[in-house]
file coords.txt (compact mmCIF, C-alpha atoms and all ligand atoms)
# COMPACT_ATOMS: atom_id res chain seq x y z
CA MET A 1 -19.26 -9.41 -9.69
CA LYS A 2 -16.55 -7.24 -11.15
CA ILE A 3 -14.32 -5.91 -8.38
CA LEU A 4 -11.66 -3.19 -8.44
CA ILE A 5 -8.97 -2.91 -5.74
CA VAL A 6 -7.06 0.35 -5.30
CA GLY A 7 -3.48 -0.01 -4.07
CA SER A 8 -0.21 -1.77 -4.86
CA GLY A 9 1.31 -3.32 -1.75
CA GLY A 10 1.39 -6.57 0.18
CA ARG A 11 -1.89 -5.60 1.82
CA GLU A 12 -3.63 -5.28 -1.54
CA HIS A 13 -2.08 -8.59 -2.67
CA ALA A 14 -3.59 -10.31 0.39
CA ILE A 15 -6.95 -8.61 -0.26
CA ALA A 16 -6.85 -9.67 -3.94
CA TRP A 17 -5.98 -13.26 -2.98
CA LYS A 18 -8.87 -13.34 -0.50
CA ILE A 19 -11.39 -11.77 -2.90
CA ALA A 20 -10.33 -14.29 -5.59
CA GLN A 21 -11.65 -17.09 -3.35
CA SER A 22 -15.15 -15.61 -3.23
CA PRO A 23 -17.67 -17.35 -5.49
CA LYS A 24 -19.07 -13.85 -6.09
CA ALA A 25 -15.89 -12.58 -7.75
CA GLU A 26 -15.95 -13.07 -11.53
CA LYS A 27 -13.32 -10.55 -12.54
CA ILE A 28 -10.83 -8.59 -10.43
CA TYR A 29 -8.94 -5.45 -11.42
CA CYS A 30 -6.28 -3.68 -9.37
CA ALA A 31 -5.00 -0.13 -9.83
CA PRO A 32 -2.08 0.13 -10.01
CA GLY A 33 -1.30 -3.35 -8.57
CA ASN A 34 2.04 -5.19 -8.78
CA ALA A 35 3.55 -8.34 -10.29
CA GLY A 36 2.16 -10.59 -7.54
CA ILE A 37 -1.32 -9.12 -7.61
CA ALA A 38 -1.32 -9.79 -11.38
CA GLU A 39 -1.88 -13.49 -10.61
CA TYR A 40 -5.40 -12.69 -9.37
CA ALA A 41 -6.24 -9.37 -10.95
CA GLU A 42 -5.81 -7.47 -14.17
CA CYS A 43 -3.52 -4.59 -13.19
CA VAL A 44 -4.53 -1.18 -14.51
CA ASN A 45 -2.02 1.63 -14.85
CA ILE A 46 -3.91 4.33 -12.93
CA GLY A 47 -2.49 5.85 -9.74
CA ALA A 48 -4.32 5.53 -6.42
CA MET A 49 -4.71 9.34 -6.18
CA GLU A 50 -6.23 9.73 -9.67
CA PHE A 51 -9.80 9.64 -8.36
CA GLU A 52 -11.57 10.89 -11.48
CA LYS A 53 -9.69 8.49 -13.76
CA LEU A 54 -10.38 5.59 -11.40
CA ALA A 55 -14.08 6.42 -11.24
CA ALA A 56 -14.25 6.72 -15.03
CA PHE A 57 -12.54 3.32 -15.34
CA ALA A 58 -14.99 1.77 -12.85
CA LYS A 59 -17.92 3.13 -14.86
CA GLU A 60 -16.52 2.01 -18.19
CA LYS A 61 -15.88 -1.55 -16.93
CA GLU A 62 -19.17 -1.65 -14.99
CA ILE A 63 -17.38 -2.44 -11.73
CA ASP A 64 -19.82 -3.66 -9.05
CA LEU A 65 -17.58 -3.02 -6.05
CA THR A 66 -14.39 -1.03 -5.46
CA VAL A 67 -12.23 -1.74 -2.41
CA ILE A 68 -9.79 0.97 -1.31
CA GLY A 69 -6.69 -0.49 0.38
CA MET A 70 -4.57 2.59 1.05
CA ASP A 71 -4.85 5.49 3.49
CA ASP A 72 -3.95 8.42 1.19
CA PRO A 73 -6.87 8.05 -1.24
CA LEU A 74 -9.29 7.47 1.66
CA VAL A 75 -8.14 10.56 3.52
CA GLY A 76 -8.21 12.47 0.23
CA GLY A 77 -11.88 11.62 -0.36
CA ILE A 78 -11.87 8.91 -3.04
CA VAL A 79 -15.01 7.33 -1.57
CA ASP A 80 -16.94 10.62 -1.95
CA VAL A 81 -15.93 10.81 -5.62
CA PHE A 82 -17.05 7.23 -6.32
CA GLU A 83 -20.35 7.72 -4.47
CA ARG A 84 -21.01 10.93 -6.36
CA GLU A 85 -20.66 8.92 -9.56
CA GLY A 86 -23.13 6.33 -8.26
CA LEU A 87 -20.43 3.67 -7.77
CA ARG A 88 -20.44 1.13 -4.95
CA VAL A 89 -17.29 1.43 -2.86
CA PHE A 90 -15.90 -0.03 0.36
CA GLY A 91 -14.17 2.43 2.70
CA PRO A 92 -14.89 5.51 4.83
CA ARG A 93 -15.86 8.85 3.30
CA LYS A 94 -13.48 11.78 3.71
CA ASN A 95 -15.29 13.10 6.78
CA ALA A 96 -14.79 9.71 8.50
CA ALA A 97 -11.29 8.86 7.20
CA ILE A 98 -10.16 11.90 9.21
CA LEU A 99 -10.00 9.41 12.08
CA GLU A 100 -6.64 8.43 10.56
CA GLY A 101 -5.96 11.63 8.61
CA SER A 102 -5.74 13.91 11.65
CA LYS A 103 -4.21 12.80 14.92
CA ALA A 104 -5.41 16.03 16.57
CA PHE A 105 -8.98 15.18 15.50
CA SER A 106 -8.75 11.62 16.81
CA LYS A 107 -7.26 12.72 20.14
CA ASP A 108 -10.04 15.30 20.64
CA LEU A 109 -12.65 12.67 19.74
CA MET A 110 -11.25 10.24 22.32
CA LYS A 111 -11.16 12.93 24.97
CA LYS A 112 -14.73 14.04 24.28
CA TYR A 113 -16.09 10.47 24.38
CA HIS A 114 -13.89 9.17 27.23
CA ILE A 115 -12.06 6.60 25.12
CA PRO A 116 -8.82 5.58 26.88
CA THR A 117 -5.68 7.07 25.31
CA ALA A 118 -2.50 8.90 26.35
CA GLU A 119 -2.82 12.42 27.86
CA TYR A 120 -2.02 15.07 25.24
CA GLU A 121 -2.20 18.66 23.97
CA ASN A 122 -2.62 19.84 20.37
CA PHE A 123 -0.58 22.74 18.97
CA ASP A 124 -0.67 24.76 15.78
CA ASP A 125 2.01 27.17 16.91
CA ALA A 126 5.63 26.08 17.46
CA LYS A 127 6.22 28.76 20.13
CA LYS A 128 3.38 27.47 22.29
CA ALA A 129 4.58 23.87 21.85
CA LEU A 130 8.10 24.85 22.96
CA GLU A 131 6.68 26.66 26.01
CA TYR A 132 4.63 23.60 26.95
CA LEU A 133 7.72 21.39 26.85
CA GLN A 134 9.35 23.45 29.64
CA THR A 135 7.13 21.80 32.25
CA ALA A 136 6.57 18.42 30.54
CA LYS A 137 7.64 14.97 31.73
CA PHE A 138 10.10 12.93 29.66
CA PRO A 139 10.23 10.80 27.59
CA ILE A 140 7.50 12.48 25.59
CA VAL A 141 5.93 11.75 22.20
CA LEU A 142 5.58 14.25 19.34
CA LYS A 143 3.23 13.49 16.46
CA ALA A 144 2.72 15.35 13.19
CA ASP A 145 -1.04 15.71 12.76
CA GLY A 146 -1.41 14.35 9.22
CA LEU A 147 -0.34 11.31 7.21
CA ALA A 148 3.44 10.85 7.20
CA LEU A 149 3.98 7.25 6.02
CA GLY A 150 4.08 6.10 9.65
CA LYS A 151 7.17 8.27 10.20
CA GLY A 152 5.64 11.37 11.80
CA VAL A 153 6.05 10.13 15.39
CA LEU A 154 9.09 11.14 17.45
CA ILE A 155 9.82 9.73 20.89
CA CYS A 156 12.00 12.24 22.70
CA GLN A 157 14.06 11.39 25.78
CA ASP A 158 14.72 14.91 27.06
CA LEU A 159 13.91 18.59 26.63
CA ALA A 160 16.65 19.28 24.06
CA GLU A 161 15.54 16.38 21.84
CA ALA A 162 11.90 17.44 22.09
CA GLN A 163 12.71 21.06 21.21
CA GLU A 164 14.59 19.81 18.17
CA GLY A 165 11.58 17.59 17.32
CA VAL A 166 9.13 20.49 17.44
CA ARG A 167 11.37 22.44 15.05
CA THR A 168 11.69 19.44 12.74
CA ILE A 169 7.93 18.95 12.54
CA MET A 170 6.56 22.50 12.69
CA GLU A 171 9.31 24.73 11.32
CA ASP A 172 11.44 22.57 8.98
CA LYS A 173 8.24 20.76 7.93
CA LYS A 174 10.06 17.46 7.58
CA PHE A 175 6.69 15.74 7.17
CA GLY A 176 5.26 18.50 4.95
CA THR A 177 1.85 19.97 5.74
CA ALA A 178 1.25 16.97 8.04
CA GLY A 179 3.21 19.05 10.54
CA ASN A 180 1.10 22.23 10.45
CA THR A 181 -0.53 20.91 13.59
CA MET A 182 1.09 18.66 16.13
CA VAL A 183 0.11 16.48 19.07
CA ILE A 184 2.36 16.24 22.11
CA GLU A 185 1.45 13.24 24.21
CA GLU A 186 2.37 11.24 27.25
CA PHE A 187 4.78 8.33 26.67
CA MET A 188 3.14 4.99 27.43
CA THR A 189 4.75 1.63 28.07
CA GLY A 190 3.36 -1.83 27.44
CA ARG A 191 2.84 -4.33 24.66
CA GLU A 192 1.50 -3.11 21.35
CA VAL A 193 -1.26 -4.92 19.55
CA SER A 194 -3.02 -4.27 16.25
CA VAL A 195 -6.73 -5.04 16.04
CA LEU A 196 -8.51 -4.89 12.68
CA THR A 197 -12.29 -4.47 12.62
CA PHE A 198 -15.10 -4.22 10.08
CA VAL A 199 -17.58 -1.37 10.63
CA ASP A 200 -20.92 -0.62 8.94
CA GLY A 201 -21.69 2.74 10.54
CA LYS A 202 -23.24 1.28 13.70
CA THR A 203 -22.06 -2.33 14.15
CA ILE A 204 -18.40 -3.23 14.63
CA LYS A 205 -17.02 -6.76 14.26
CA VAL A 206 -13.52 -7.59 15.42
CA MET A 207 -11.20 -9.69 13.28
CA THR A 208 -8.33 -11.42 15.06
CA SER A 209 -5.43 -9.61 16.75
CA ALA A 210 -1.92 -9.21 15.37
CA GLN A 211 1.41 -7.69 16.30
CA ASP A 212 3.67 -5.70 14.00
CA HIS A 213 7.45 -5.13 14.20
CA LYS A 214 8.03 -1.55 13.08
CA ARG A 215 11.78 -1.12 13.55
CA ALA A 216 14.20 -2.06 10.79
CA LEU A 217 16.70 -4.09 12.82
CA ASP A 218 16.63 -7.10 15.13
CA GLY A 219 15.90 -6.36 18.78
CA ASP A 220 13.61 -3.45 17.77
CA GLN A 221 16.61 -1.31 16.89
CA GLY A 222 17.04 1.06 13.97
CA LEU A 223 14.59 3.26 12.17
CA ASN A 224 10.81 2.97 11.98
CA THR A 225 9.57 1.24 8.83
CA GLY A 226 6.16 0.42 7.39
CA GLY A 227 6.45 -2.92 9.24
CA MET A 228 9.04 -5.74 9.01
CA GLY A 229 6.82 -8.65 10.02
CA THR A 230 3.74 -9.68 11.94
CA PHE A 231 2.16 -12.52 13.83
CA SER A 232 -1.44 -13.37 14.61
CA PRO A 233 -3.07 -13.83 17.04
CA SER A 234 -1.30 -11.88 19.78
CA PRO A 235 -1.07 -14.17 22.83
CA PHE A 236 -1.20 -11.03 24.99
CA TYR A 237 -4.60 -9.99 23.65
CA THR A 238 -6.74 -12.12 25.97
CA SER A 239 -10.52 -12.54 25.88
CA GLU A 240 -10.75 -10.23 28.94
CA ILE A 241 -8.85 -7.51 27.10
CA ASP A 242 -11.02 -8.07 24.03
CA ALA A 243 -14.20 -7.68 26.12
CA TYR A 244 -12.84 -4.50 27.74
CA CYS A 245 -11.90 -3.00 24.36
CA LYS A 246 -15.28 -3.81 22.84
CA GLU A 247 -17.05 -1.97 25.66
CA HIS A 248 -14.68 0.95 26.23
CA ILE A 249 -12.90 1.49 22.90
CA TYR A 250 -14.39 -0.16 19.79
CA GLN A 251 -18.13 0.48 20.05
CA PRO A 252 -17.61 3.91 21.68
CA THR A 253 -15.43 4.94 18.71
CA VAL A 254 -18.08 3.91 16.17
CA ASP A 255 -20.83 5.60 18.20
CA ALA A 256 -18.72 8.75 18.61
CA MET A 257 -18.16 9.03 14.86
CA ALA A 258 -21.89 8.58 14.23
CA ALA A 259 -22.74 11.18 16.90
CA GLU A 260 -20.37 13.64 15.19
CA GLY A 261 -22.16 13.15 11.87
CA ARG A 262 -19.17 11.22 10.51
CA GLU A 263 -20.65 7.75 10.08
CA PHE A 264 -17.73 5.32 9.62
CA LYS A 265 -18.03 2.44 7.14
CA GLY A 266 -15.01 0.33 6.33
CA ILE A 267 -12.06 -0.89 8.36
CA ILE A 268 -10.96 0.63 11.65
CA PHE A 269 -7.52 -0.62 12.62
CA PHE A 270 -6.92 0.09 16.31
CA GLY A 271 -3.29 0.44 17.35
CA LEU A 272 -3.40 -0.33 21.07
CA MET A 273 -0.93 -0.23 23.91
CA LEU A 274 -1.67 -2.71 26.70
CA THR A 275 -0.57 -0.54 29.63
CA ALA A 276 -0.59 -1.28 33.36
CA ASP A 277 -3.75 0.88 33.52
CA GLY A 278 -5.46 -1.15 30.80
CA PRO A 279 -5.57 -0.95 26.99
CA LYS A 280 -5.21 2.53 25.48
CA VAL A 281 -5.44 3.74 21.89
CA LEU A 282 -2.10 4.65 20.29
CA GLU A 283 -3.61 5.46 16.93
CA TYR A 284 -6.51 4.81 14.62
CA ASN A 285 -6.13 3.78 10.99
CA ALA A 286 -8.98 3.82 8.51
CA ARG A 287 -7.82 0.81 6.45
CA PHE A 288 -6.29 -2.65 6.72
CA GLY A 289 -2.80 -2.81 8.28
CA ASP A 290 0.24 -3.68 6.24
CA PRO A 291 1.66 -6.29 6.97
CA GLU A 292 -1.04 -7.18 9.54
CA THR A 293 -3.42 -8.10 6.69
CA GLN A 294 -0.97 -10.74 5.47
CA VAL A 295 -1.45 -12.73 8.70
CA VAL A 296 -5.10 -11.89 9.39
CA LEU A 297 -6.79 -12.67 6.06
CA PRO A 298 -5.19 -16.12 5.60
CA ARG A 299 -6.89 -17.09 8.89
CA MET A 300 -10.31 -15.66 8.01
CA LYS A 301 -13.01 -18.18 7.07
CA ASN A 302 -15.68 -15.80 5.73
CA ASP A 303 -16.30 -14.79 2.15
CA ILE A 304 -14.73 -11.32 2.33
CA VAL A 305 -16.92 -9.94 -0.47
CA GLU A 306 -20.02 -10.72 1.62
CA VAL A 307 -18.48 -8.87 4.56
CA PHE A 308 -17.56 -5.84 2.42
CA GLU A 309 -21.12 -5.69 1.13
CA ALA A 310 -22.59 -5.99 4.63
CA CYS A 311 -20.47 -3.01 5.73
CA ILE A 312 -21.75 -0.91 2.83
CA ASP A 313 -25.39 -2.00 3.36
CA GLY A 314 -25.40 -1.61 7.15
CA THR A 315 -26.12 -5.32 7.73
CA LEU A 316 -22.92 -6.34 9.48
CA ASP A 317 -24.95 -7.50 12.52
CA ARG A 318 -26.04 -10.49 10.41
CA ILE A 319 -22.48 -11.63 9.68
CA ASN A 320 -20.75 -14.13 11.92
CA LEU A 321 -17.04 -13.44 11.48
CA GLU A 322 -14.99 -16.61 11.84
CA PHE A 323 -11.27 -17.22 12.09
CA GLU A 324 -9.32 -20.46 12.04
CA ASP A 325 -8.08 -21.69 15.40
CA ASN A 326 -4.41 -21.51 14.37
CA ALA A 327 -1.65 -18.95 13.94
CA ALA A 328 0.22 -17.16 11.18
CA VAL A 329 3.55 -15.37 10.92
CA CYS A 330 4.69 -13.01 8.14
CA VAL A 331 8.36 -12.13 7.60
CA VAL A 332 8.99 -9.18 5.30
CA LEU A 333 11.82 -9.56 2.79
CA ALA A 334 13.12 -6.07 2.15
CA SER A 335 15.82 -4.45 0.04
CA ASP A 336 18.95 -3.97 2.15
CA GLY A 337 19.12 -0.31 3.20
CA TYR A 338 15.36 0.15 3.62
CA PRO A 339 13.91 2.47 4.89
CA VAL A 340 16.65 4.94 3.87
CA SER A 341 18.17 4.10 0.48
CA TYR A 342 18.34 0.87 -1.44
CA GLU A 343 18.73 -0.51 -4.94
CA LYS A 344 15.90 -2.16 -6.81
CA GLY A 345 15.32 -3.94 -10.11
CA PHE A 346 16.91 -7.27 -9.07
CA PRO A 347 15.28 -10.47 -10.38
CA ILE A 348 13.32 -12.44 -7.75
CA GLU A 349 13.98 -16.20 -7.93
CA GLY A 350 12.02 -19.08 -6.42
CA LEU A 351 8.49 -17.66 -6.32
CA GLU A 352 7.23 -20.90 -7.88
CA ASN A 353 8.17 -22.75 -4.68
CA PHE A 354 5.00 -21.39 -3.07
CA LYS A 355 2.69 -22.91 -5.70
CA ASP A 356 0.21 -25.42 -4.27
CA LYS A 357 1.81 -25.32 -0.80
CA ASP A 358 -1.06 -25.21 1.59
CA GLY A 359 -0.60 -22.68 4.39
CA TYR A 360 2.33 -20.85 2.74
CA TYR A 361 1.95 -17.53 0.94
CA VAL A 362 4.19 -15.00 -0.72
CA PHE A 363 2.56 -11.57 -0.90
CA HIS A 364 4.28 -8.98 -3.08
CA ALA A 365 4.85 -5.55 -1.52
CA GLY A 366 7.15 -4.07 -4.17
CA SER A 367 7.61 -6.02 -7.40
CA LYS A 368 7.12 -5.47 -11.11
CA PHE A 369 7.59 -7.19 -14.43
CA ALA A 370 10.72 -6.28 -16.42
CA ASP A 371 11.68 -8.17 -19.58
CA GLY A 372 9.32 -10.99 -18.69
CA LYS A 373 10.85 -11.45 -15.23
CA ILE A 374 9.60 -10.37 -11.82
CA VAL A 375 12.04 -7.90 -10.24
CA THR A 376 12.25 -6.01 -6.95
CA ASN A 377 10.55 -2.62 -6.99
CA GLY A 378 10.51 -1.21 -3.47
CA GLY A 379 11.89 -1.11 0.04
CA ARG A 380 9.60 -3.84 1.22
CA VAL A 381 9.61 -6.49 -1.53
CA LEU A 382 7.78 -9.62 -0.31
CA GLY A 383 5.84 -10.77 2.72
CA VAL A 384 6.37 -14.48 3.35
CA THR A 385 3.51 -15.84 5.44
CA ALA A 386 3.06 -19.31 6.88
CA LYS A 387 0.41 -20.81 9.09
CA GLY A 388 0.89 -23.34 11.85
CA SER A 389 -1.19 -24.88 14.60
CA THR A 390 0.71 -22.72 17.11
CA LEU A 391 2.59 -19.43 16.83
CA LYS A 392 5.90 -21.24 17.28
CA GLU A 393 5.11 -23.66 14.48
CA ALA A 394 3.96 -20.81 12.22
CA ARG A 395 7.16 -18.90 12.92
CA ALA A 396 9.36 -21.92 12.10
CA ASN A 397 7.38 -22.47 8.89
CA ALA A 398 7.63 -18.81 7.86
CA TYR A 399 11.39 -18.66 8.36
CA LYS A 400 11.80 -21.93 6.45
CA ALA A 401 9.83 -20.43 3.56
CA THR A 402 11.96 -17.26 3.50
CA GLU A 403 14.71 -19.53 2.11
CA TRP A 404 12.61 -20.49 -0.89
CA VAL A 405 12.99 -17.07 -2.50
CA SER A 406 16.03 -14.96 -3.22
CA PHE A 407 17.09 -11.65 -4.73
CA GLU A 408 20.39 -9.84 -4.67
CA ASN A 409 20.01 -7.49 -1.68
CA LYS A 410 17.48 -9.51 0.32
CA TYR A 411 17.21 -8.34 3.94
CA MET A 412 14.98 -9.53 6.76
CA ARG A 413 14.72 -9.43 10.52
CA HIS A 414 15.47 -12.74 12.23
CA ASP A 415 13.42 -12.15 15.38
CA ILE A 416 9.87 -11.69 14.09
CA GLY A 417 7.60 -13.23 16.72
CA LYS A 418 10.29 -13.43 19.40
CA ALA A 419 7.73 -12.07 21.88
CA ILE A 420 5.83 -15.34 21.44
CA ASP A 421 8.44 -17.02 23.65
CA GLU A 422 7.51 -14.70 26.52
CA ALA A 423 3.80 -15.47 26.36
P1 LIG A 501 1.67 5.67 15.60
O1 LIG A 501 2.00 5.98 14.16
O2 LIG A 501 0.85 6.68 16.30
O3 LIG A 501 1.22 4.25 15.81
O4 LIG A 501 3.09 5.65 16.31
C1 LIG A 501 4.15 4.87 15.83
C2 LIG A 501 4.80 4.13 16.96
O5 LIG A 501 5.27 5.05 17.94
C3 LIG A 501 3.81 3.24 17.72
O6 LIG A 501 3.67 2.01 17.11
C4 LIG A 501 4.48 3.16 19.08
O7 LIG A 501 5.50 2.20 19.06
C5 LIG A 501 5.09 4.52 19.24
N1 LIG A 501 4.19 5.39 20.01
C6 LIG A 501 3.22 6.20 19.53
N2 LIG A 501 2.59 6.85 20.52
C7 LIG A 501 3.18 6.47 21.68
C8 LIG A 501 2.99 6.79 23.04
N3 LIG A 501 2.07 7.67 23.44
N4 LIG A 501 3.78 6.17 23.94
C9 LIG A 501 4.73 5.29 23.56
N5 LIG A 501 4.97 4.96 22.29
C10 LIG A 501 4.22 5.53 21.35
N1 LIG A 502 1.58 -1.98 10.03
C1 LIG A 502 1.17 -0.70 10.41
C2 LIG A 502 0.28 -0.02 9.47
O1 LIG A 502 -0.26 -0.60 8.55
O2 LIG A 502 0.04 1.17 9.68

call {"tool": "encode", "arguments": {"input": "coords.txt", "output": "structure tokens", "more": "lines below"}}
Ligand code: AMP
Ligand code: GLY
result
Amino acid sequence: MKILIVGSGGREHAIAWKIAQSPKAEKIYCAPGNAGIAEYAECVNIGAMEFEKLAAFAKEKEIDLTVIGMDDPLVGGIVDVFEREGLRVFGPRKNAAILEGSKAFSKDLMKKYHIPTAEYENFDDAKKALEYLQTAKFPIVLKADGLALGKGVLICQDLAEAQEGVRTIMEDKKFGTAGNTMVIEEFMTGREVSVLTFVDGKTIKVMTSAQDHKRALDGDQGLNTGGMGTFSPSPFYTSEIDAYCKEHIYQPTVDAMAAEGREFKGIIFFGLMLTADGPKVLEYNARFGDPETQVVLPRMKNDIVEVFEACIDGTLDRINLEFEDNAAVCVVLASDGYPVSYEKGFPIEGLENFKDKDGYYVFHAGSKFADGKIVTNGGRVLGVTAKGSTLKEARANAYKATEWVSFENKYMRHDIGKAIDEA
């Protein structure tokens, strides 16, 4: 098969690496891709939001399957464009990707179908939101409705901070049109866990669990980022919790989308909070997590192309998803200053140290070729992943491997997976 991947981050690198292992994959393309992805795929200079150009490319090259990695094209309706052109594509249509694209939609869905989540109200008028805050309990959480690069969530400690937050989102439009509507929700406490699943419209199959580290600095301090590191599995996600989530969260979500005439095919990534009252949904994503994918796919035994096809064909019930009985940790190497401002274009040295090392991976998040060299090209640059028989071993291996690569303003957190010690 000829396969096209749409995206350019560490997630798409992990997907490309996994697809490359499938006996079904003869030729892989990635648009736009990056310097690491280029090892497995021919990178094509078309942007992820250029739907018509991408579809024309897929037709011209007779692509058999296109896999969409990123949220923006999914929410924007890339799958509908490909289907209209008679192309086979993995991912939810626009009317289903709204599960991630609108937090107000997803909250209303959960309320209607009794799926556990934080109490909330939706607002499309700043005045009403400010009135509501007068009688609210603090801390409280404000969320811009639409996509905001994971940055549209504000946790406010008191009334003054929350009033400022409402103005930032709805009046100053800091997150653009994502802030036309806003969710105000109850603050929850507990451990966070990310659960990635495959969905074929009716059947849902759970991959393994993972935990992200969203803040920029050690000790979960500093600004929110796209994710500074992950580990998998989460020792806090027990088989009892998994059983509860399957019955009360996962299948009900898939059934709810079908009942609404928004059949979901693709990946649902459940962001959960394990609260004292049981697991609750923090957010839905309609795609693989980044960097969760960099610890989940290296542990997956299945041929991923077969699973993608089963999701499209509605035959996921026949697939037995299998994961290795081990652990993986990913430490993100970022450009110092991320997520605010940072320099890029520095040569990356030592990538060859990962060649032929079983259980060690270097996934590129932001890299490109310049004058025949691979240079840094983003805030998050690399995801260094290592496996181990236990989480502790995987963490030690991953940190060891972070020393194999260097670039001028290399920055990482030193406490990825610290929670493992509390398990
Ligand atoms: P989201 O993009 O919805 O996952 O939110 C980003 C981060 O904000 C989450 O990973 C949580 O750490 C935090 N968060 C979101 N909603 C809540 C909530 N209701 N209570 C506490 N923390 C939250
Ligand atoms: N790592 C969080 C996300 O992919 O949204």

call {"tool": "residues_around", "arguments": {"input": "coords.txt", "residues": "Asp371 of chain A", "least_positions_apart": "6", "cutoff": "12 Å", "atoms": "all atoms listed in the file", "output": "ChimeraX atom specification"}}
result
/A:345-347

call {"tool": "residues_around", "arguments": {"input": "coords.txt", "residues": "Gly86 of chain A", "least_positions_apart": "5", "cutoff": "10 Å", "atoms": "all atoms listed in the file", "output": "list in words"}}
result
Ala55, Lys59, Asp80 and Val81 of chain A

call {"tool": "residues_around", "arguments": {"input": "coords.txt", "residues": "Pro139 of chain A", "least_positions_apart": "4", "cutoff": "9 Å", "atoms": "only C-alpha atoms", "output": "ChimeraX atom specification"}}
result
/A:155-159,162,186-187

call {"tool": "atom_distance", "arguments": {"input": "coords.txt", "atom1": "atom CA of Asp277 of chain A", "atom2": "atom CA of Lys107 of chain A"}}
result
18.2 Å

call {"tool": "closest_residue", "arguments": {"input": "coords.txt", "among": "A:Tyr113, A:Phe363, A:Phe369, A:Tyr399", "to": "Lys18 of chain A", "atoms": "all atoms listed in the file"}}
result
A:Phe363

call {"tool": "atom_distance", "arguments": {"input": "coords.txt", "atom1": "atom P1 of ligand LIG 501 (chain A)", "atom2": "atom CA of Ala31 of chain A"}}
result
26.9 Å

call {"tool": "closest_residue", "arguments": {"input": "coords.txt", "among": "A:Ala136, A:Ala104, A:Ala144, A:Val153", "to": "ligand LIG 501 (chain A)", "atoms": "only C-alpha atoms and all ligand atoms"}}
result
A:Val153

call {"tool": "residues_around", "arguments": {"input": "coords.txt", "residues": "Leu382 of chain A", "least_positions_apart": "5", "cutoff": "6 Å", "atoms": "all atoms listed in the file", "output": "ChimeraX atom specification"}}
result
/A:332-333,363-365

call {"tool": "closest_residue", "arguments": {"input": "coords.txt", "among": "A:Asp220, A:Glu50, A:Glu26, A:Glu85", "to": "ligand LIG 501 (chain A)", "atoms": "only C-alpha atoms and all ligand atoms"}}
result
A:Asp220

call {"tool": "residues_near_ligand", "arguments": {"input": "coords.txt", "ligand": "ligand LIG 502 (chain A)", "cutoff": "7 Å", "atoms": "only C-alpha atoms and all ligand atoms", "output": "PyMOL selection string"}}
result
chain A and resi 150+212+226-227+285+288-292

call {"tool": "atom_distance", "arguments": {"input": "coords.txt", "atom1": "atom CA of Asn409 of chain A", "atom2": "atom CA of Ser335 of chain A"}}
result
5.5 Å

call {"tool": "decode", "arguments": {"input": "coords.txt", "residues": "segment 21-32 of chain A", "atoms": "N, CA and C atoms", "output": "short mmCIF file (atom, residue, chain, number, x, y, z; two decimals), in the first residue's frame"}}
result
data_model
loop_
_atom_site.label_atom_id
_atom_site.label_comp_id
_atom_site.auth_asym_id
_atom_site.auth_seq_id
_atom_site.Cartn_x
_atom_site.Cartn_y
_atom_site.Cartn_z
N GLN A 21 6.83 -0.43 9.84
CA GLN A 21 7.02 -1.85 10.21
C GLN A 21 5.97 -2.77 9.64
N SER A 22 4.90 -2.20 9.09
CA SER A 22 3.81 -3.03 8.56
C SER A 22 4.23 -3.64 7.23
N PRO A 23 4.03 -4.96 7.07
CA PRO A 23 4.32 -5.58 5.78
C PRO A 23 3.45 -5.00 4.66
N LYS A 24 2.34 -4.36 5.05
CA LYS A 24 1.44 -3.79 4.04
C LYS A 24 1.97 -2.49 3.45
N ALA A 25 2.87 -1.82 4.16
CA ALA A 25 3.33 -0.50 3.71
C ALA A 25 4.46 -0.65 2.70
N GLU A 26 4.19 -0.21 1.46
CA GLU A 26 5.24 -0.27 0.43
C GLU A 26 5.94 1.07 0.30
N LYS A 27 5.13 2.14 0.41
CA LYS A 27 5.70 3.48 0.22
C LYS A 27 4.96 4.44 1.15
N ILE A 28 5.71 5.23 1.88
CA ILE A 28 5.10 6.19 2.82
C ILE A 28 5.47 7.61 2.41
N TYR A 29 4.46 8.48 2.42
CA TYR A 29 4.69 9.92 2.21
C TYR A 29 4.24 10.63 3.48
N CYS A 30 4.81 11.81 3.74
CA CYS A 30 4.34 12.61 4.86
C CYS A 30 4.31 14.08 4.46
N ALA A 31 3.17 14.73 4.71
CA ALA A 31 3.04 16.16 4.39
C ALA A 31 2.75 16.93 5.67
N PRO A 32 3.52 17.94 6.08
CA PRO A 32 4.80 18.27 5.44
C PRO A 32 5.97 17.45 5.96
#
